[in-house]
$ cat start12.txt   # compact mmCIF, C-alpha atoms
# COMPACT_ATOMS: atom_id res chain seq x y z
CA LYS A 1 29.96 15.36 -3.43
CA ALA A 2 29.84 12.37 -5.73
CA GLY A 3 26.44 10.89 -6.46
CA VAL A 4 25.32 7.28 -6.53
CA THR A 5 27.33 5.25 -9.00
CA GLN A 6 26.34 2.00 -10.64
CA THR A 7 28.38 -0.45 -12.65
CA PRO A 8 28.20 -1.64 -15.29
CA ARG A 9 25.94 0.79 -17.13
CA TYR A 10 24.94 -1.72 -19.78
CA LEU A 11 24.81 -5.51 -19.83
CA ILE A 12 23.72 -8.07 -22.38
CA LYS A 13 23.14 -11.60 -21.16
CA THR A 14 21.40 -14.71 -22.43
CA ARG A 15 18.64 -16.68 -20.76
CA GLY A 16 19.81 -18.95 -17.97
CA GLN A 17 22.90 -16.91 -17.15
CA GLN A 18 23.37 -14.98 -13.94
CA VAL A 19 24.38 -11.36 -13.44
CA THR A 20 25.78 -9.18 -10.65
CA LEU A 21 25.19 -5.45 -10.52
CA SER A 22 27.08 -3.07 -8.26
CA CYS A 23 26.09 0.15 -6.50
CA SER A 24 28.20 2.66 -4.57
CA PRO A 25 26.06 5.00 -2.46
CA ILE A 26 26.68 8.64 -1.69
CA SER A 27 29.41 8.97 0.93
CA GLY A 28 27.88 8.78 4.41
CA HIS A 29 24.66 7.13 3.26
CA ARG A 30 23.88 3.87 5.01
CA SER A 31 20.71 2.73 3.27
CA VAL A 32 20.69 1.29 -0.23
CA SER A 33 17.54 0.33 -2.11
CA TRP A 34 17.16 -1.40 -5.46
CA TYR A 35 14.36 -0.89 -7.97
CA GLN A 36 13.45 -2.45 -11.29
CA GLN A 37 12.03 -0.21 -14.01
CA THR A 38 10.22 -1.58 -17.07
CA PRO A 39 7.88 0.10 -19.55
CA GLY A 40 4.99 -2.13 -18.48
CA GLN A 41 5.36 -2.17 -14.70
CA GLY A 42 7.10 1.12 -14.04
CA LEU A 43 9.37 1.44 -11.02
CA GLN A 44 9.07 -1.46 -8.58
CA PHE A 45 10.87 -1.93 -5.27
CA LEU A 46 13.21 -4.92 -5.11
CA PHE A 47 14.92 -4.75 -1.71
CA GLU A 48 16.54 -2.45 0.80
CA TYR A 49 19.70 -2.83 2.85
CA PHE A 50 20.81 -0.99 5.94
CA SER A 51 23.98 -1.75 7.89
CA GLU A 52 24.57 -4.91 5.88
CA THR A 53 21.08 -6.27 6.70
CA GLN A 54 18.21 -6.72 4.28
CA ARG A 55 15.30 -4.93 5.92
CA ASN A 56 12.65 -5.33 3.27
CA LYS A 57 12.06 -7.20 0.06
CA GLY A 58 9.56 -6.56 -2.71
CA ASN A 59 7.42 -9.08 -4.51
CA PHE A 60 10.11 -10.67 -6.67
CA PRO A 61 11.18 -14.30 -6.97
CA GLY A 62 14.10 -15.72 -5.04
CA ARG A 63 16.27 -15.48 -8.16
CA PHE A 64 16.75 -11.86 -7.16
CA SER A 65 19.11 -11.40 -4.24
CA GLY A 66 21.46 -8.82 -2.88
CA ARG A 67 23.90 -7.90 -0.20
CA GLN A 68 25.52 -4.88 1.38
CA PHE A 69 29.10 -4.55 2.50
CA SER A 70 30.52 -2.80 5.55
CA ASN A 71 31.35 0.28 3.44
CA SER A 72 27.65 0.46 2.41
CA ARG A 73 28.36 -0.59 -1.16
CA SER A 74 25.77 -3.01 -2.43
CA GLU A 75 25.42 -5.69 -5.06
CA MET A 76 22.39 -7.39 -6.48
CA ASN A 77 22.39 -10.72 -8.22
CA VAL A 78 19.91 -12.26 -10.61
CA SER A 79 20.29 -15.96 -11.29
CA THR A 80 18.80 -18.00 -14.12
CA LEU A 81 17.95 -14.96 -16.17
CA GLU A 82 14.62 -14.81 -18.02
CA LEU A 83 13.63 -12.60 -20.93
CA GLY A 84 11.32 -10.67 -18.60
CA ASP A 85 14.26 -9.61 -16.46
CA SER A 86 15.27 -7.12 -19.15
CA ALA A 87 14.94 -3.76 -17.42
CA LEU A 88 16.68 -0.72 -16.02
CA TYR A 89 17.93 -1.58 -12.53
CA LEU A 90 18.20 1.44 -10.30
CA CYS A 91 20.00 1.81 -7.02
CA ALA A 92 19.13 4.56 -4.56
CA SER A 93 20.83 5.62 -1.36
CA SER A 94 19.62 7.59 1.63
CA LYS A 95 21.39 8.90 4.69
CA THR A 96 19.50 7.35 7.58
CA GLY A 97 17.17 4.89 5.89
CA GLY A 98 14.12 6.39 7.57
CA PRO A 99 10.77 6.15 5.77
CA THR A 100 10.76 9.84 4.82
CA ASP A 101 14.46 10.11 4.12
CA THR A 102 15.15 11.29 0.56
CA GLN A 103 16.43 8.62 -1.77
CA TYR A 104 18.97 9.64 -4.40
CA PHE A 105 19.15 7.49 -7.48
CA GLY A 106 22.05 6.36 -9.58
CA PRO A 107 22.07 6.32 -13.40
CA GLY A 108 20.98 2.68 -13.51
CA THR A 109 22.20 -0.48 -15.18
CA ARG A 110 20.42 -1.39 -18.41
CA LEU A 111 20.15 -5.20 -18.55
CA THR A 112 19.13 -6.88 -21.77
CA VAL A 113 18.40 -10.61 -21.72
CA LEU A 114 18.44 -12.36 -25.08
CA GLU B 115 -2.67 -1.57 -0.30
CA ASP B 116 -0.81 1.66 -0.96
CA GLN B 117 -1.51 3.02 -4.44
CA VAL B 118 -0.23 5.98 -6.40
CA THR B 119 -1.85 7.12 -9.65
CA GLN B 120 -0.57 9.85 -11.93
CA SER B 121 -2.43 11.71 -14.64
CA PRO B 122 -2.24 12.42 -17.44
CA GLU B 123 0.09 9.71 -18.73
CA ALA B 124 1.44 12.11 -21.35
CA LEU B 125 1.16 15.86 -21.78
CA ARG B 126 2.21 17.99 -24.74
CA LEU B 127 2.63 21.72 -24.14
CA GLN B 128 3.81 24.63 -26.16
CA GLU B 129 6.68 26.59 -24.67
CA GLY B 130 5.22 29.07 -22.18
CA GLU B 131 1.93 27.16 -21.78
CA SER B 132 1.46 26.50 -18.04
CA SER B 133 -0.20 23.33 -16.77
CA SER B 134 -0.45 20.91 -13.84
CA LEU B 135 0.36 17.24 -13.29
CA ASN B 136 -1.67 15.22 -10.83
CA CYS B 137 -0.62 12.52 -8.35
CA SER B 138 -3.37 10.88 -6.31
CA TYR B 139 -2.63 8.40 -3.56
CA THR B 140 -4.31 6.02 -1.16
CA VAL B 141 -2.09 5.23 1.80
CA SER B 142 -2.75 4.46 5.42
CA GLY B 143 -1.18 7.50 7.04
CA LEU B 144 0.82 9.62 4.64
CA ARG B 145 4.33 10.24 5.89
CA GLY B 146 5.55 12.15 2.88
CA LEU B 147 5.30 12.45 -0.88
CA PHE B 148 8.24 12.71 -3.24
CA TRP B 149 8.51 14.17 -6.73
CA TYR B 150 11.25 13.12 -9.13
CA ARG B 151 12.17 14.02 -12.68
CA GLN B 152 13.55 11.36 -15.00
CA ASP B 153 15.22 11.95 -18.34
CA PRO B 154 15.39 9.10 -20.88
CA GLY B 155 18.02 6.50 -19.98
CA LYS B 156 18.84 8.15 -16.65
CA GLY B 157 17.96 7.64 -13.02
CA PRO B 158 15.26 9.74 -11.33
CA GLU B 159 16.42 13.11 -10.07
CA PHE B 160 14.98 14.31 -6.76
CA LEU B 161 12.83 17.44 -6.91
CA PHE B 162 10.69 17.85 -3.77
CA THR B 163 9.44 16.25 -0.59
CA LEU B 164 6.08 17.28 0.85
CA TYR B 165 5.15 16.14 4.33
CA SER B 166 1.72 17.52 5.19
CA ALA B 167 -1.46 18.78 3.56
CA GLY B 168 -1.22 22.44 2.62
CA GLU B 169 2.53 22.36 2.14
CA GLU B 170 3.98 23.93 -1.02
CA LYS B 171 7.52 23.93 -2.44
CA GLU B 172 8.97 25.73 -5.44
CA LYS B 173 11.99 25.33 -7.65
CA GLU B 174 12.43 27.48 -10.73
CA ARG B 175 9.33 26.91 -12.91
CA LEU B 176 8.02 24.06 -10.75
CA LYS B 177 5.72 24.25 -7.75
CA ALA B 178 4.49 21.21 -5.84
CA THR B 179 1.43 21.25 -3.60
CA LEU B 180 -0.14 18.61 -1.36
CA THR B 181 -3.67 17.90 -0.13
CA LYS B 182 -4.96 14.96 1.87
CA LYS B 183 -5.69 12.94 -1.27
CA GLU B 184 -3.42 14.26 -3.99
CA SER B 185 -0.45 16.32 -5.02
CA PHE B 186 -0.03 18.65 -7.96
CA LEU B 187 3.10 19.64 -9.81
CA HIS B 188 2.45 23.02 -11.43
CA ILE B 189 4.69 24.00 -14.31
CA THR B 190 4.72 27.71 -15.10
CA ALA B 191 5.86 28.92 -18.53
CA PRO B 192 7.66 25.67 -19.35
CA LYS B 193 10.69 25.49 -21.61
CA PRO B 194 11.76 22.60 -23.88
CA GLU B 195 14.37 21.58 -21.30
CA ASP B 196 11.53 20.78 -18.88
CA SER B 197 10.61 17.84 -21.11
CA ALA B 198 10.99 14.67 -19.03
CA THR B 199 8.97 12.08 -17.14
CA TYR B 200 7.79 13.29 -13.75
CA LEU B 201 7.31 10.67 -11.08
CA CYS B 202 5.67 10.87 -7.67
CA ALA B 203 6.18 8.35 -4.89
CA VAL B 204 5.10 7.66 -1.32
CA PRO B 205 6.86 5.66 1.40
CA VAL B 206 5.53 2.14 1.92
CA ASP B 207 4.64 1.26 5.50
CA TRP B 208 5.08 -2.47 5.72
CA ASN B 209 6.57 -2.59 9.17
CA ASN B 210 7.03 1.04 10.09
CA ALA B 211 10.71 0.79 9.23
CA GLY B 212 12.77 0.86 6.14
CA ASN B 213 13.05 3.11 3.18
CA MET B 214 10.83 1.85 0.37
CA LEU B 215 8.87 3.87 -2.15
CA THR B 216 5.76 3.09 -4.18
CA PHE B 217 5.86 5.01 -7.45
CA GLY B 218 3.12 6.22 -9.74
CA GLY B 219 3.32 5.44 -13.43
CA GLY B 220 4.68 8.88 -14.26
CA THR B 221 3.62 11.71 -16.56
CA ARG B 222 5.67 12.14 -19.72
CA LEU B 223 5.88 15.86 -20.42
CA MET B 224 6.87 17.17 -23.85
CA VAL B 225 7.36 20.91 -24.31
CA LYS B 226 7.63 22.11 -27.89
CA PRO B 227 9.40 25.37 -28.79
$ encode --input "start12.txt" --output "structure tokens"
Amino acid sequence: KAGVTQTPRYLIKTRGQQVTLSCSPISGHRSVSWYQQTPGQGLQFLFEYFSETQRNKGNFPGRFSGRQFSNSRSEMNVSTLELGDSALYLCASSKTGGPTDTQYFGPGTRLTVL
Amino acid sequence: EDQVTQSPEALRLQEGESSSLNCSYTVSGLRGLFWYRQDPGKGPEFLFTLYSAGEEKEKERLKATLTKKESFLHITAPKPEDSATYLCAVPVDWNNAGNMLTFGGGTRLMVKP
């Protein structure tokens, strides 16, 4: 069974630009969550989607947004990039989206903002 | 506010030298605790889920245990390939729905041959 896939794996952008990251969950999984990982803040929850609806959002500015498609694939968008947005962006999928359902992570997208 | 704290931040072991990693948490009603392993430049890899105090789970050289305040990841006779960052996480209960995790800062384990 294929795992969670994320594209692209690496991105280099400049301040002020916008970026879209893509995530394909494990087949049959309906919940997709996004996390930001930085050396200083660790892993922080961004948002979670289930059946094309955003159920929860972490403490991030409105520049961070996302969506989920009917096939459960998800995208996240960051507009007006800042240097501090440089991070590893991780997508995780789970089968039912329940609070104790195991989340399986993809390899991440490494975003560098210059 | 839900909090997860891991200690130590870094741990150096000689191959074969057993030790334990700690994950302490303060949550209002624990519904589960997750352990992950993360190698540099990769996404976290799921290891265990523990649901209630007293529960234990094992996988190869790893054994996870859970009490009402903390969890331990015991590593028995580690090998260099066990070197990684180990993360623990608990579900966040903002509205009793959803699938969100609060992570600890991780323990970076280095096992030297």
$ interface_residues --input "start12.txt" --of "chain B" --to "chain A" --cutoff "7 Å" --atoms "all atoms listed in the file" --output "ChimeraX atom specification"
/B:145-146,156-160,205,211-215,217,219
$ atom_distance --input "start12.txt" --atom1 "atom CA of B:Tyr165" --atom2 "atom CA of A:Thr53"
27.6 Å
$ closest_residue --input "start12.txt" --among "A:Ser27, A:Thr5, A:Thr20, A:Thr38" --to "A:Lys95" --atoms "all atoms listed in the file"
A:Ser27
$ residues_around --input "start12.txt" --residues "B:Gly143" --least-positions-apart "4" --cutoff "12 Å" --atoms "only C-alpha atoms" --output "ChimeraX atom specification"
/B:115-116,139,147,165-167,182-183,204-208,210
$ axis_aligned_box --input "start12.txt" --around "stretch 24-39 of chain A" --padding-each-side "3 Å" --output "AutoDock Vina command-line options"
--center_x 18.6 --center_y 3.3 --center_z -7.3 --size_x 27.5 --size_y 17.4 --size_z 30.6
$ atom_distance --input "start12.txt" --atom1 "atom CA of B:Gly220" --atom2 "atom CA of B:Thr119"
8.2 Å
$ atom_distance --input "start12.txt" --atom1 "atom CA of A:Pro8" --atom2 "atom CA of A:Ser74"
13.2 Å
$ closest_residue --input "start12.txt" --among "A:Phe64, A:Leu11, A:Gly16, A:Gly3" --to "A:Gly28" --atoms "all atoms listed in the file"
A:Gly3
$ residues_around --input "start12.txt" --residues "B:Arg126" --least-positions-apart "4" --cutoff "7 Å" --atoms "all atoms listed in the file" --output "count of residues only"
3
$ closest_residue --input "start12.txt" --among "A:Arg63, A:Ala2, A:Lys13, A:Pro25" --to "A:Thr80" --atoms "only C-alpha atoms"
A:Arg63
$ residues_around --input "start12.txt" --residues "B:Lys226" --least-positions-apart "5" --cutoff "8 Å" --atoms "only C-alpha atoms" --output "PyMOL selection string"
chain B and resi 126-129+193-194
